[in-house]
Amino acid sequence: MKTDGPTRIISEGIDHIITLPVFNWDNMRAQMPMANIYNSLKAKLGKSPLIHVAEKLEQRVKKKDVVVLTTGFYVTSGDTLETDGPPGAVTLARGIDVGLEAALVMVVDENFVDSMKTICAATGLNVCGTDKIKNGPHRIAVEGFPKEDKKAEATAERLMRTLNPSALISVECDDRNSKGVYHSASGNNLTPYQAKLPVLFDSAYRSDAFTVGIGDFGNEIGMANLRDIFQELTPSHAKCKCGCGSGIVGSTRTHGSIIANISNWGAYGLEAALALVLQNSDVMHDPALETRVLEETARQGYVDGATGLIEPTADGASREINANIVHMLRALLLLQESKLFQRALG
C-alpha cells in the first residue's frame, strides 16, 4: 500500500484518534504517556502498527480462511466481564467479514459463551456452530475456553487442530507475566478468574498463524512486545500488589501488537486501517452500530471496568464518546474517496 499523500495523512489521523489521552481512568491514574508509547512502537516497526497488522491480514487471510478473535477481561467486583474488549472484538469481526470474507470464530471464557453469541448477533453476523462457518457469508461461531491450565492446553490443541486458523486476534485479554501471574491494571492477582487464553496464542505463535494482541495498559496479550518501551516510559509497570515481584506486563508474544487508549479503540483503529488498505470504507462500522453493540453488551450484564457499573460505556467513556470515535474514523476514511481532498493536496 502506498503511504504517501492522502493515505499517509489518513493513516496518521487514525493513529492519533486511538491514542487520545482521555477517558481511560486507569491510564490517567498511571499517567500513561500513550502517544509516546504508541509512537515508540511505531518507530520500532518503521510504520503505523495498525497499517502493519492490516497489511499482514490482507496478505495472510484468504476467502473462507478461519480467523479467531478472543476477548474478555474478568472484573472481580462484578463477577463478570468488562465492556472494554467485546464491542471491539465483535465489530472487528464484522469488519474482517466485510473486507476479507473470512470464516469467524470468537473464543471467550466458557462461562460467557451465550452472552457473547448475543453480542455478536448485534453486529448483524449470523451465529452458528464451527462446523457451519464456511457454509455461507457473514457467519461467526463462539467457543468457550477454560480457566484451568491443563484443560486450556487441551482446548488450545483441539481448536488449532480443528480450525487451522490463518490469524488470531486478541482484544483486551489478560496475560500472565513472566512468573505466570495474571494481573489487573492496579496490580492485583487475577489468576484464578481469567480464562487462560494466552495458552491458545502460544500454540498459534508456534504455528503458521499470524497473531495479534490489542491492549491499552500492558497487562494484555500482545503487550510483551512493548516490554522495553514500558520499562523506559512507565516504570510503575514493574510493580504489583501480589508480591510476585515481576510486575504486570504480559509475557505472551504475538506477531503484531496494537496499543490504544482504550482497547476497543485499538480494534476500531485496526478496522479503519484494514478499510484503508483494502480501499473499502464499508469495512468500518458506523456510530449507530457502535451504540447498538455497547447497549447489548450492557444488557448482557458486562460492567464498565472503570466505574463498575452495568452501562453502555467503556473505561469511563460514554456511549456518545465511543460513537464519536467511530464517526471520526469513518470521516477520515471518506477522505480517501474525496476528489476535493486529493485536489487540495496537489
# chains A, B, ... in the order shown; residues from 1 in each chain; ligands from 1

$ closest_atom_pairs --of "region 1-59 of chain A" --to "region 262-271 of chain A" --cutoff "7 Å" --atoms "only C-alpha atoms" --output "JSON lines"
{"residue": "A:Ile14", "atom": "CA", "partner": "A:Gly269", "partner_atom": "CA", "distance": 6.2}
{"residue": "A:Ile18", "atom": "CA", "partner": "A:Trp265", "partner_atom": "CA", "distance": 5.4}
{"residue": "A:Asn24", "atom": "CA", "partner": "A:Ile262", "partner_atom": "CA", "distance": 6.3}
{"residue": "A:Leu50", "atom": "CA", "partner": "A:Leu270", "partner_atom": "CA", "distance": 5.4}
{"residue": "A:Ala54", "atom": "CA", "partner": "A:Leu270", "partner_atom": "CA", "distance": 6.6}

$ select_by_dssp --residues "region 88-314 of chain A" --states "helix (DSSP H, G or I)" --output "ChimeraX atom specification"
/A:88-100,110-121,130-132,149-163,198-205,223-233,235-238,263-278,281-283,287-299

$ closest_atom_pairs --of "region 78-98 of chain A" --to "region 294-301 of chain A" --cutoff "10 Å" --atoms "only C-alpha atoms" --output "JSON lines"
{"residue": "A:Gly78", "atom": "CA", "partner": "A:Gly301", "partner_atom": "CA", "distance": 8.9}
{"residue": "A:Asp79", "atom": "CA", "partner": "A:Gly301", "partner_atom": "CA", "distance": 9.7}
{"residue": "A:Thr80", "atom": "CA", "partner": "A:Gly301", "partner_atom": "CA", "distance": 7.3}
{"residue": "A:Leu81", "atom": "CA", "partner": "A:Gly301", "partner_atom": "CA", "distance": 8.2}
{"residue": "A:Glu82", "atom": "CA", "partner": "A:Thr297", "partner_atom": "CA", "distance": 8.9}
{"residue": "A:Thr83", "atom": "CA", "partner": "A:Thr297", "partner_atom": "CA", "distance": 6.5}
{"residue": "A:Asp84", "atom": "CA", "partner": "A:Leu294", "partner_atom": "CA", "distance": 9.4}
{"residue": "A:Pro86", "atom": "CA", "partner": "A:Thr297", "partner_atom": "CA", "distance": 7.5}
{"residue": "A:Pro87", "atom": "CA", "partner": "A:Leu294", "partner_atom": "CA", "distance": 6.2}
{"residue": "A:Gly88", "atom": "CA", "partner": "A:Leu294", "partner_atom": "CA", "distance": 9.5}

$ closest_residue --among "A:Ala141, A:Tyr74, A:Ala121, A:His255" --to "Asp175 (chain A)" --atoms "only C-alpha atoms"
A:Tyr74

$ closest_residue --among "A:Ala89, A:Leu340, A:Leu168, A:Leu332" --to "Ser203 (chain A)" --atoms "only C-alpha atoms"
A:Leu168

$ select_by_dssp --residues "region 15-234 of chain A" --states "strand (DSSP E)" --output "PyMOL selection string"
chain A and resi 66-71+74-75+80-81+103-109+126-127+139-145+167-171+210-215

$ closest_residue --among "A:Glu290, A:Glu153, A:Glu172, A:Gly72" --to "Ile321 (chain A)" --atoms "only C-alpha atoms"
A:Glu290

$ residues_around --residues "Glu55 (chain A)" --least-positions-apart "5" --cutoff "10 Å" --atoms "only C-alpha atoms" --output "ChimeraX atom specification"
/A:1,49-50,60,273-274,276-278

$ write_last_selection --atoms "N, CA and C atoms" --output "short mmCIF file (atom, residue, chain, number, x, y, z; two decimals), in the first residue's frame"
data_model
loop_
_atom_site.label_atom_id
_atom_site.label_comp_id
_atom_site.auth_asym_id
_atom_site.auth_seq_id
_atom_site.Cartn_x
_atom_site.Cartn_y
_atom_site.Cartn_z
N MET A 1 0.84 -1.20 0.00
CA MET A 1 0.00 0.00 0.00
C MET A 1 0.87 1.24 0.00
N PRO A 49 1.63 0.77 13.53
CA PRO A 49 1.29 -0.60 13.95
C PRO A 49 -0.02 -1.09 13.36
N LEU A 50 -0.98 -0.17 13.18
CA LEU A 50 -2.27 -0.53 12.60
C LEU A 50 -2.11 -0.94 11.14
N ARG A 60 -2.33 -12.50 4.47
CA ARG A 60 -2.41 -13.85 5.03
C ARG A 60 -3.80 -14.48 4.97
N ALA A 273 -7.86 0.86 9.60
CA ALA A 273 -6.65 0.60 8.83
C ALA A 273 -6.89 -0.46 7.75
N LEU A 274 -7.67 -1.48 8.10
CA LEU A 274 -8.00 -2.51 7.11
C LEU A 274 -8.85 -1.91 5.99
N LEU A 276 -8.68 1.13 5.01
CA LEU A 276 -7.76 1.96 4.23
C LEU A 276 -6.93 1.11 3.28
N VAL A 277 -6.41 0.01 3.79
CA VAL A 277 -5.59 -0.89 2.98
C VAL A 277 -6.40 -1.50 1.84
N LEU A 278 -7.64 -1.87 2.14
CA LEU A 278 -8.50 -2.51 1.14
C LEU A 278 -9.23 -1.49 0.26
#

$ residues_around --residues "Asn177 (chain A)" --least-positions-apart "6" --cutoff "7 Å" --atoms "only C-alpha atoms" --output "ChimeraX atom specification"
/A:246,248-251

$ atom_distance --atom1 "CA of Arg94 (chain A)" --atom2 "CA of Ile259 (chain A)"
20.5 Å

$ residues_around --residues "region 190-201 of chain A" --least-positions-apart "5" --cutoff "7 Å" --atoms "only C-alpha atoms" --output "mmCIF file with C-alpha atoms, in the first residue's frame"
data_model
loop_
_atom_site.group_PDB
_atom_site.id
_atom_site.type_symbol
_atom_site.label_atom_id
_atom_site.label_comp_id
_atom_site.auth_asym_id
_atom_site.auth_seq_id
_atom_site.Cartn_x
_atom_site.Cartn_y
_atom_site.Cartn_z
ATOM 1 C CA TYR A 74 -12.788 -10.608 34.118
ATOM 2 C CA ASP A 109 -14.355 -17.597 28.841
ATOM 3 C CA PHE A 145 -12.170 -21.510 26.856
ATOM 4 C CA PRO A 146 -11.368 -22.799 30.364
ATOM 5 C CA LYS A 147 -9.631 -21.256 33.375
ATOM 6 C CA ASP A 149 -4.232 -24.746 32.828
ATOM 7 C CA ALA A 152 -6.626 -24.862 28.481
ATOM 8 C CA GLU A 153 -3.762 -26.754 26.864
ATOM 9 C CA ALA A 156 -5.929 -24.916 22.559
ATOM 10 C CA ASP A 175 -1.968 -12.023 30.033
ATOM 11 C CA VAL A 181 0.586 -14.445 37.254
ATOM 12 C CA TYR A 182 -2.377 -12.595 35.683
ATOM 13 C CA HIS A 183 -2.849 -9.040 36.976
ATOM 14 C CA SER A 184 -5.397 -6.260 36.934
ATOM 15 C CA ILE A 221 -1.927 -10.409 25.387
ATOM 16 C CA THR A 252 2.868 -13.755 25.536
#

$ closest_residue --among "A:Asn164, A:Val326, A:Lys132, A:Ala260" --to "Asp286 (chain A)" --atoms "only C-alpha atoms"
A:Val326

$ atom_distance --atom1 "CA of Gln336 (chain A)" --atom2 "CA of Ser281 (chain A)"
8.7 Å
